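**Student:** Pasting in a structure now, in structure tokens, and then I'll have a few things to ask.
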Amino acid sequence: MRGARRLVMVVALAAVTAFAGCGARSDEAAPAAEYVGADTCAGCHEAETAAWRGSHHDRAMQLATDETVLGDFDNVDFVLDGVASRFFRRDGAFMVRTEGPDGTLADFEIRYTFGVVPLQQYLVAFPGGRYQALSIAWDSRPASEGGQRWFHLLAPDPPTAGDALHWTGRAMNWNAMCAECHSTNLVKGYDPRSRSYATTWSDIDVSCEACHGPGSLHVELAEGWTRGGVGVETADPAARSEAVGLSAAMADAEGGWLFEPGASIARRTIPVAADDQVETCAHCHARRTTIRQGRVAGRPLLDSDMVSRLDPLLYHADGQILDEVYVYGSFVQSRMYAAGVRCSDCHDPHTLELRRPGNALCAGCHLPSAYDVPDHHFHPAESPAARCVTCHMPVTTYMEIDPRRDHSMRVPRPHLGAEIGTPDACTECHSGEGVEWTVAAVERWYGVPDSADEARMDVARALHAGRRALPGAADLLRNVAADPEEPGIVRATALVLAGAQPSRATLDALRKAAGDPDPMVRLGAVAGLAGMPPQARPGVALPLLEDSIRAVRLEAARVLSPVPAAGLTESQRRLLRAASDEYEAALAVHADDPAQRMNLGVFRAERGLASEAESAYREALALDPTFAPAYVNLVDLYRATGRERDGEALLERALEMSPDDPALLHARGLQLVRLGRLDDALVALQAAAQQAPEDPRYAYVLGVALDSRGDSDGARAVLETALAGHPGHRELLFMLASMSRDRGDVVSARAYAERLLAVAPDDPAVVDFVASLAGG
């Protein structure tokens with residue numbers, strides 16, 4: 001959420017892909033091929049089909065039958081939080097009696113299974129073409145591992161009917177949230193006018209064309225080869241996709257791995273020239289947002305998807321996984337990825353199984369005599385602790401029972417844990433000993449971290465400092481962003497964090513990064529402009545309206561939306577209109593998502609299109625009448641257009657539904673200030689700050705309000721508490737310095753001002769403020 005006077009919540013867009021550069025767009029030519037279905041592929045590719053059959057991809061989604069349903073439907077009861085659900089059969093159908101959308105028990109038929117191991121979910125049909133995923137799932141693990149039981153994905157506090165997370169709510173809607181990555185050639189088919197779906201697919205599961213692209217041209221060529229006796233073996237790997245009539249032939253993982261004499265780590269015999277394979281997998285194995293309907297395998301990822309950066313809700317400061325991010329974002333941080341390792345080096349692309357068991361898999365690139373020995377890992381041979389993945393790919397469990405390994409494959413760093421609280425495999429395993437014990441053990445085995453170790457840890461320190469807006473963070477972040485050896489996703493994250501602390505030096509860094517060959521870095525550069533004043537943005541963002549990568553163009557349009565068109569040339573206005581149309585089209589892919597409808601409203605409001613913005617906000621609320629951010633933004637739109645009374649009625653209605661929502665309470669407090677009801681405003685502002693103590697903005701506004709009412713001691717206490725958690729927050733420091741100056745405490749005022757200057761050393765207003773205190 002951004003904005004000093006109004007609340008703006010924008011679903012962030014970010015992505016990673018291979019460099020395409022500025023110039024011709026990578027998404028200009030439409031695919032000529034059509035989808036033909038897995039059965040057609042099986043006619044020639046018998047071995048690959050046999051390997052794929054029974055895989056997780058093959059069983060990603062299936063009709064509910066006696067063969068596919070794993071759960072126990074033999075009149076089994078499952079009780080949680082006072083709701084008794086029963087799983088049973090009726091006339092051959094699989095049924096569940098459970099709490100429906102109105103909160104009462106009803107019978108629902110299971111139409112499809114979803115997934116297979118370690119859990120299986122079930123889909124139920126609803127009016128309007130909707131399918132909803134039950135939150136009660138089947139634990140398909142063996143009973144000896146705690147499986148063969150029903151369990152709730154959101155236990156022990158399951159959401160109630162009407163909540164977005166209830167199984168009948170929008171967060172559990174298959175069409176919008178799940179379908180795209182469990183079927184092939186999925187077309188969501190959402191109709192905004194009727195708010196209904198007509199979702200289709202060419203294969204119900206994840207089949208051949210999900211990864212290789214539509215196959216009709218390939219089939220035509222193959223039939224010609226059969227008649228003429230010509231084979232694909234004549235095709236050069238670099239041009240294989242065109243030669244065989246497929247959009248993605250995965251030619252980027254050619255060759256093998258070779259140990260040079262005396263080397264303990266192998267190198268790839270044919271360097272990776274493209275990134276087709278990883279980006280094809282990433283469309284589903286990444287935390288991302290679709291920005292173009294109908295992705296075709298082989299196209300640059302960033303033309304169809306926005307992959308999240310190292311957001312603090314998703315990743316720890318050192319890049320380890322926190323929330324479920326589906327592998328890609330962690331893998332592209334790894335030194336393995338940088339060395340040319342690709343998904344198929346470790347995973348069979350058809351069975352999806354590991355190519356070798358245990359440490360033998362790692363031994364393909366890491367010499368066992370150097371690494372698979374107690375002298376390296378300092379644990380008993382063949383013990384669980386001696387497995388490479390135990391230390392270098394620690395597990396985080398999601399969906400209650402689904403363990404996922406971190407694919408950044410990093411060295412455990414207990415020193416970082418001691419400094420900034422990041423997890424490490426050593427301390428997690430030896431939890432009873434404490435991090436200090438772990439640090440001592442690691443130093444005893446490997447020595448004190450050298451300069452290279454410190455340099456790697458410095459990146460995490462920089463991101464940690466940026467997240468907390470610590471003094472000096474911007475310098476650290478700019479250094480990370482400027483290092484071409486760092487992964488693009490890390491550099492992009494550093495740019496966005498640096499942009500949140502605007503300065504001339506940061507603007508220069510963003511300008512330089514906007515010309516980087518890595519599109520993720522370019523995307524981070526333009527996204528970092530969101531923290532800059534609008535007048536500072538055109539010099540960096542305008543050239544990126546012509547970027548070859550769609551996501552970069554979209555982000556450029558977004559950050560330029562508040563820039564007055566009068567200051568642009570006709571050519572620049574034309575480019576901005578085209579990119580703005582693309583941005584709105586990307587949001588339209590998610591016309592069923594209230595957050596994206598709200599984003600559309602924000603975009604239009606910043607462009608001065610008040611009526612169109614109001615329509616978008618109201619559509620967001622029609623999709624979800626409890627969606628607080630849309631209320632807040634619509635109320636602010638009413639304020640800006642002189643409709644304060646309309647905003648008051650709207651906010652009162654929102655608070656009736658969500659009386660403890662901090663954003664609504666904060667907006668109500670500001671509204672009451674504008675209406676002159678200061679005592680009532682303080683009550684609302686205090687409630688907002690209490691509901692969200694981690695948000696310094698709420699504390700700042702409360703402190704200002706308390707001070708304006710003459711309660712300087714109360715204001716100081718609120719501001720100091722917030723500053724303890726956000727020691728580099730500019731507004732908090734400025735307010736505390738100003739309050740100290742006004743009550744004659746020049747020493748304290750100077751101390752706060754010096755801290756403020758350390759955060760914003762080239763901000764003229766800060767420099768002048770500090771100078772004004774120098775002679776006091």
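We name chains A, B, ... following the order of the structure tokens; residues begin at 1 in each chain, and ligands are numbered from 1 as shown.
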Restrict the calculation to only C-alpha atoms, then for each residue of stretch 210-324 of chain A with any atom at most 10 Å from an atom of stretch 168-182 of chain A give the closest atom pair and their distance in Å to one decimal, rows by chain and rising residue number, as CSV.
**Tutor:**
```
residue,atom,partner,partner_atom,distance
A:Ala210,CA,A:Cys181,CA,8.9
A:His283,CA,A:Cys181,CA,8.1
A:Cys284,CA,A:Cys181,CA,5.6
A:His285,CA,A:Cys181,CA,8.8
A:Thr290,CA,A:Glu180,CA,9.5
A:Gln293,CA,A:Glu180,CA,9.8
A:Gly294,CA,A:Glu180,CA,9.3
A:Arg295,CA,A:Glu180,CA,9.9
```
**Student:** Please produce a file of those selected residues containing N, CA and C atoms, as a compact mmCIF listing (two decimals), in the first residue's frame.
**Tutor:**
```
# COMPACT_ATOMS: atom_id res chain seq x y z
N ALA A 210 1.61 -29.13 -23.25
CA ALA A 210 1.78 -28.13 -22.19
C ALA A 210 3.23 -27.67 -22.12
N HIS A 283 6.40 -21.48 -16.00
CA HIS A 283 5.03 -20.99 -16.16
C HIS A 283 4.11 -21.56 -15.08
N CYS A 284 4.40 -22.75 -14.62
CA CYS A 284 3.61 -23.33 -13.53
C CYS A 284 4.40 -23.52 -12.25
N HIS A 285 5.70 -23.57 -12.37
CA HIS A 285 6.53 -23.81 -11.19
C HIS A 285 7.18 -22.51 -10.73
N THR A 290 -0.36 -14.34 -14.41
CA THR A 290 -0.51 -14.40 -15.85
C THR A 290 -0.85 -13.02 -16.39
N GLN A 293 -3.32 -14.28 -21.77
CA GLN A 293 -4.04 -15.54 -21.84
C GLN A 293 -3.46 -16.40 -22.96
N GLY A 294 -3.33 -17.70 -22.71
CA GLY A 294 -2.91 -18.62 -23.75
C GLY A 294 -1.42 -18.65 -23.99
N ARG A 295 -0.64 -18.78 -22.93
CA ARG A 295 0.81 -18.89 -23.12
C ARG A 295 1.14 -20.10 -23.98
```
**Student:** For A:Thr422, work out the shell of residues within 12 Å, counting only C-alpha atoms and skipping chain neighbours fewer than 4 positions away, then give it as a ChimeraX atom specification.
**Tutor:** /A:312,315-322,412-418,426-428,435,457,460-461,463-464
**Student:** List as a ChimeraX atom specification the protein and nucleic acid residues near stretch 123-136 of chain A, meaning an atom at most 8 Å away when only C-alpha atoms are counted, but skip any in the same chain fewer than 4 places from it.
**Tutor:** /A:108-114,150-154,166-169,172-175,195-199
**Student:** Write the residues of the preceding selection, restricted to N, CA, C and O atoms, as a JSON list (two decimals), in the first residue's frame.
**Tutor:**
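Heads up, here's the output in again.json:
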```json
[["chain", "number", "residue", "atom", "x", "y", "z"],
["A", 108, "PHE", "N", -22.94, -32.54, -1.89],
["A", 108, "PHE", "CA", -22.26, -32.09, -3.11],
["A", 108, "PHE", "C", -21.61, -33.30, -3.78],
["A", 108, "PHE", "O", -21.01, -34.14, -3.11],
["A", 109, "GLU", "N", -21.70, -33.33, -5.11],
["A", 109, "GLU", "CA", -21.08, -34.41, -5.87],
["A", 109, "GLU", "C", -19.65, -34.04, -6.27],
["A", 109, "GLU", "O", -19.40, -32.93, -6.75],
["A", 110, "ILE", "N", -18.73, -34.97, -6.10],
["A", 110, "ILE", "CA", -17.34, -34.79, -6.54],
["A", 110, "ILE", "C", -17.27, -35.08, -8.05],
["A", 110, "ILE", "O", -17.64, -36.16, -8.50],
["A", 111, "ARG", "N", -16.80, -34.11, -8.81],
["A", 111, "ARG", "CA", -16.70, -34.30, -10.26],
["A", 111, "ARG", "C", -15.29, -34.69, -10.71],
["A", 111, "ARG", "O", -15.12, -35.49, -11.62],
["A", 112, "TYR", "N", -14.28, -34.09, -10.08],
["A", 112, "TYR", "CA", -12.90, -34.32, -10.52],
["A", 112, "TYR", "C", -11.99, -34.50, -9.31],
["A", 112, "TYR", "O", -12.25, -33.98, -8.23],
["A", 113, "THR", "N", -10.91, -35.25, -9.54],
["A", 113, "THR", "CA", -9.82, -35.30, -8.57],
["A", 113, "THR", "C", -8.76, -34.30, -8.98],
["A", 113, "THR", "O", -8.61, -33.96, -10.16],
["A", 114, "PHE", "N", -8.00, -33.83, -8.00],
["A", 114, "PHE", "CA", -7.00, -32.80, -8.24],
["A", 114, "PHE", "C", -5.72, -33.18, -7.51],
["A", 114, "PHE", "O", -5.67, -33.16, -6.28],
["A", 150, "TRP", "N", -8.62, -38.18, 6.18],
["A", 150, "TRP", "CA", -9.09, -36.87, 5.76],
["A", 150, "TRP", "C", -8.47, -35.81, 6.66],
["A", 150, "TRP", "O", -8.30, -36.04, 7.87],
["A", 151, "PHE", "N", -8.15, -34.67, 6.12],
["A", 151, "PHE", "CA", -7.62, -33.56, 6.93],
["A", 151, "PHE", "C", -8.01, -32.24, 6.28],
["A", 151, "PHE", "O", -8.35, -32.18, 5.09],
["A", 152, "HIS", "N", -7.98, -31.18, 7.05],
["A", 152, "HIS", "CA", -8.36, -29.85, 6.55],
["A", 152, "HIS", "C", -7.11, -29.04, 6.27],
["A", 152, "HIS", "O", -6.19, -28.98, 7.10],
["A", 153, "LEU", "N", -7.07, -28.41, 5.11],
["A", 153, "LEU", "CA", -5.89, -27.67, 4.70],
["A", 153, "LEU", "C", -5.65, -26.42, 5.55],
["A", 153, "LEU", "O", -4.53, -25.91, 5.60],
["A", 154, "LEU", "N", -6.70, -25.93, 6.20],
["A", 154, "LEU", "CA", -6.57, -24.68, 6.96],
["A", 154, "LEU", "C", -6.86, -24.89, 8.44],
["A", 154, "LEU", "O", -7.27, -23.96, 9.14],
["A", 166, "HIS", "N", -12.95, -19.76, 2.49],
["A", 166, "HIS", "CA", -13.85, -20.90, 2.64],
["A", 166, "HIS", "C", -13.86, -21.68, 1.32],
["A", 166, "HIS", "O", -13.67, -21.11, 0.25],
["A", 167, "TRP", "N", -14.11, -22.97, 1.37],
["A", 167, "TRP", "CA", -13.97, -23.77, 0.16],
["A", 167, "TRP", "C", -14.91, -23.33, -0.95],
["A", 167, "TRP", "O", -14.66, -23.60, -2.13],
["A", 168, "THR", "N", -15.96, -22.61, -0.61],
["A", 168, "THR", "CA", -16.87, -22.09, -1.63],
["A", 168, "THR", "C", -16.52, -20.66, -2.04],
["A", 168, "THR", "O", -17.21, -20.07, -2.86],
["A", 169, "GLY", "N", -15.45, -20.10, -1.45],
["A", 169, "GLY", "CA", -15.05, -18.72, -1.73],
["A", 169, "GLY", "C", -14.14, -18.60, -2.93],
["A", 169, "GLY", "O", -13.67, -19.59, -3.51],
["A", 172, "MET", "N", -10.68, -20.40, -3.36],
["A", 172, "MET", "CA", -10.67, -21.84, -3.63],
["A", 172, "MET", "C", -11.38, -22.15, -4.95],
["A", 172, "MET", "O", -11.78, -23.29, -5.18],
["A", 173, "ASN", "N", -11.50, -21.14, -5.81],
["A", 173, "ASN", "CA", -12.15, -21.34, -7.10],
["A", 173, "ASN", "C", -11.16, -21.95, -8.10],
["A", 173, "ASN", "O", -10.10, -21.39, -8.35],
["A", 174, "TRP", "N", -11.51, -23.09, -8.66],
["A", 174, "TRP", "CA", -10.63, -23.81, -9.59],
["A", 174, "TRP", "C", -10.39, -23.02, -10.86],
["A", 174, "TRP", "O", -9.25, -22.90, -11.33],
["A", 175, "ASN", "N", -11.40, -22.42, -11.44],
["A", 175, "ASN", "CA", -11.27, -21.75, -12.73],
["A", 175, "ASN", "C", -10.21, -20.66, -12.69],
["A", 175, "ASN", "O", -9.41, -20.52, -13.62],
["A", 195, "ARG", "N", -20.63, -12.81, -15.24],
["A", 195, "ARG", "CA", -19.76, -13.30, -14.16],
["A", 195, "ARG", "C", -19.82, -14.82, -14.06],
["A", 195, "ARG", "O", -19.96, -15.40, -12.98],
["A", 196, "SER", "N", -19.67, -15.44, -15.23],
["A", 196, "SER", "CA", -19.72, -16.90, -15.30],
["A", 196, "SER", "C", -18.54, -17.41, -16.12],
["A", 196, "SER", "O", -17.84, -16.63, -16.78],
["A", 197, "TYR", "N", -18.31, -18.71, -16.05],
["A", 197, "TYR", "CA", -17.19, -19.35, -16.73],
["A", 197, "TYR", "C", -17.67, -20.37, -17.75],
["A", 197, "TYR", "O", -18.70, -21.04, -17.56],
["A", 198, "ALA", "N", -16.89, -20.48, -18.83],
["A", 198, "ALA", "CA", -17.05, -21.57, -19.79],
["A", 198, "ALA", "C", -15.65, -22.10, -20.07],
["A", 198, "ALA", "O", -15.08, -21.95, -21.15],
["A", 199, "THR", "N", -15.04, -22.69, -19.03],
["A", 199, "THR", "CA", -13.63, -23.11, -19.08],
["A", 199, "THR", "C", -13.47, -24.37, -19.92],
["A", 199, "THR", "O", -14.24, -25.33, -19.78]]
```
**Student:** Which one of A:Gly329, A:Gly466, A:Gly82, A:Pro423 sits closest to A:His407 if you count only C-alpha atoms?
**Tutor:**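 For A:His407, the nearest of the candidates is A:Gly329.
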**Student:** I need the residue nearest A:Ala557 from this list: A:Ala579, A:Ala498, A:Ala505, A:Ala474. Use only C-alpha atoms for the distance.
**Tutor:**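 Selected residue with least distance to A:Ala557: A:Ala579.
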**Student:** Using only C-alpha atoms, which of the listed residues (A:Gly147, A:Gly447, A:Pro538, A:Pro394) sits closest to A:Ala425?
**Tutor:**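 Among A:Gly147, A:Gly447, A:Pro538, A:Pro394, it is A:Pro394 that comes nearest to A:Ala425.
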**Student:** Could you give me, as a list of chain:residue names, the residues within 8 Å of A:Ala60, counting only C-alpha atoms and dropping anything in the same chain fewer than 6 positions from it?
**Tutor:**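 Here the qualifying residues turn out to be A:Phe114, A:Gly115, A:Val116, A:His182, A:Ser183, A:Asp205, A:Val206.
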**Student:** Suppose we keep C-alpha atoms; can you now write the selection as a compact mmCIF listing (two decimals), in the first residue's frame?
**Tutor:**
```txt
# COMPACT_ATOMS: atom_id res chain seq x y z
CA PHE A 114 -7.00 -32.80 -8.24
CA GLY A 115 -3.46 -34.04 -7.65
CA VAL A 116 -2.39 -37.37 -6.25
CA HIS A 182 -3.37 -28.67 -14.10
CA SER A 183 -4.65 -28.99 -17.68
CA ASP A 205 -4.08 -33.16 -17.51
CA VAL A 206 -0.59 -31.73 -18.06
```
**Student:** How would you write, as JSON, numbers by chain, the set of residues in stretch 471-650 of chain A that DSSP gives as alpha helix (DSSP H)?
**Tutor:** {"A": [473, 474, 475, 476, 477, 478, 479, 480, 481, 488, 489, 490, 491, 492, 493, 494, 495, 496, 497, 498, 499, 504, 505, 506, 507, 508, 509, 510, 511, 512, 513, 519, 520, 521, 522, 523, 524, 525, 526, 527, 528, 538, 539, 540, 541, 550, 551, 552, 553, 554, 555, 556, 557, 558, 559, 560, 570, 571, 572, 573, 574, 575, 576, 577, 578, 579, 580, 581, 582, 583, 584, 585, 586, 587, 588, 594, 595, 596, 597, 598, 599, 600, 601, 602, 603, 604, 605, 606, 610, 611, 612, 613, 614, 615, 616, 617, 618, 619, 620, 621, 622, 623, 628, 629, 630, 631, 632, 633, 634, 635, 636, 637, 638, 639, 640, 644, 645, 646, 647, 648, 649, 650]}
**Student:** Please provide as a list in words all residues within 8 Å of A:Arg149, with the sequence filter that same-chain residues fewer than 4 positions apart are discarded (counting only C-alpha atoms).
**Tutor:**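 My list of contacting residues is Gly71, Asp72, Trp138, Asp139 and Ser140 of chain A.
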**Student:** Name the residues in contact with A:Val759 at a cut-off of 9 Å, using only C-alpha atoms, excluding same-chain residues fewer than 3 positions from it; report them as JSON, numbers by chain.
**Tutor:** {"A": [469, 470, 471, 472, 473, 474, 501, 728, 729, 730, 754, 755, 756]}
**Student:** Given the selection you just returned, output its residues as a file containing N, CA, C and O atoms, formatted as an mmCIF file, in the first residue's frame.
**Tutor:**
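That gives us selection.cif:
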```cif
data_model
loop_
_atom_site.group_PDB
_atom_site.id
_atom_site.type_symbol
_atom_site.label_atom_id
_atom_site.label_comp_id
_atom_site.auth_asym_id
_atom_site.auth_seq_id
_atom_site.Cartn_x
_atom_site.Cartn_y
_atom_site.Cartn_z
ATOM 1 N N ALA A 469 14.356 -0.512 6.028
ATOM 2 C CA ALA A 469 14.713 0.892 5.779
ATOM 3 C C ALA A 469 15.766 1.380 6.768
ATOM 4 O O ALA A 469 15.677 2.481 7.321
ATOM 5 N N LEU A 470 16.794 0.567 6.991
ATOM 6 C CA LEU A 470 17.861 0.934 7.924
ATOM 7 C C LEU A 470 18.759 2.003 7.318
ATOM 8 O O LEU A 470 18.911 2.084 6.096
ATOM 9 N N PRO A 471 19.375 2.818 8.139
ATOM 10 C CA PRO A 471 20.331 3.801 7.618
ATOM 11 C C PRO A 471 21.442 3.116 6.821
ATOM 12 O O PRO A 471 21.980 2.089 7.233
ATOM 13 N N GLY A 472 21.748 3.690 5.671
ATOM 14 C CA GLY A 472 22.793 3.136 4.816
ATOM 15 C C GLY A 472 22.318 2.035 3.903
ATOM 16 O O GLY A 472 23.088 1.527 3.076
ATOM 17 N N ALA A 473 21.050 1.650 4.015
ATOM 18 C CA ALA A 473 20.543 0.544 3.206
ATOM 19 C C ALA A 473 20.608 0.849 1.721
ATOM 20 O O ALA A 473 20.934 -0.027 0.910
ATOM 21 N N ALA A 474 20.299 2.074 1.336
ATOM 22 C CA ALA A 474 20.249 2.403 -0.090
ATOM 23 C C ALA A 474 21.597 2.190 -0.759
ATOM 24 O O ALA A 474 21.670 1.680 -1.892
ATOM 25 N N GLN A 501 13.467 4.328 -1.049
ATOM 26 C CA GLN A 501 14.185 5.376 -0.333
ATOM 27 C C GLN A 501 14.742 6.345 -1.374
ATOM 28 O O GLN A 501 15.937 6.335 -1.690
ATOM 29 N N GLY A 728 14.705 3.199 10.184
ATOM 30 C CA GLY A 728 15.059 4.113 9.111
ATOM 31 C C GLY A 728 13.861 4.787 8.469
ATOM 32 O O GLY A 728 13.982 5.373 7.384
ATOM 33 N N HIS A 729 12.709 4.745 9.109
ATOM 34 C CA HIS A 729 11.485 5.311 8.527
ATOM 35 C C HIS A 729 11.568 6.837 8.515
ATOM 36 O O HIS A 729 11.648 7.472 9.569
ATOM 37 N N ARG A 730 11.520 7.445 7.357
ATOM 38 C CA ARG A 730 11.763 8.881 7.219
ATOM 39 C C ARG A 730 10.714 9.727 7.941
ATOM 40 O O ARG A 730 11.054 10.680 8.650
ATOM 41 N N GLU A 754 20.018 13.729 12.565
ATOM 42 C CA GLU A 754 21.224 13.071 12.047
ATOM 43 C C GLU A 754 20.891 11.665 11.549
ATOM 44 O O GLU A 754 21.426 11.216 10.525
ATOM 45 N N ARG A 755 20.028 10.983 12.263
ATOM 46 C CA ARG A 755 19.591 9.662 11.787
ATOM 47 C C ARG A 755 18.823 9.798 10.473
ATOM 48 O O ARG A 755 18.960 8.961 9.566
ATOM 49 N N LEU A 756 18.014 10.841 10.373
ATOM 50 C CA LEU A 756 17.268 11.080 9.140
ATOM 51 C C LEU A 756 18.219 11.382 7.982
ATOM 52 O O LEU A 756 18.029 10.890 6.864
#
```
**Student:** Measuring between only C-alpha atoms, which one of A:Glu720, A:Glu606, A:Asp311, A:Asp745 shows the shortest distance to A:Ala492?
**Tutor:** A:Asp311
**Student:** How many Å lie between atom CA of A:Ser55 and atom CA of A:Thr351, rounded to one decimal?
**Tutor:** 5.4 Å
**Student:** Choose the residue, out of A:Glu433, A:Glu220, A:Ala465, A:Asp711, that has the smallest atom-to-atom separation from A:Gly725; count only C-alpha atoms.
**Tutor:** A:Ala465
**Student:** Can you tell me how far atom CA of A:Asp91 sits from atom CA of A:Gln121, in Å to one decimal?
**Tutor:**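 It comes out at 21.3 Å.
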**Student:** I'd like the interatomic distance between atom CA of A:Tyr617 and atom CA of A:Val552, to a tenth of an Å.
**Tutor:** 25.2 Å
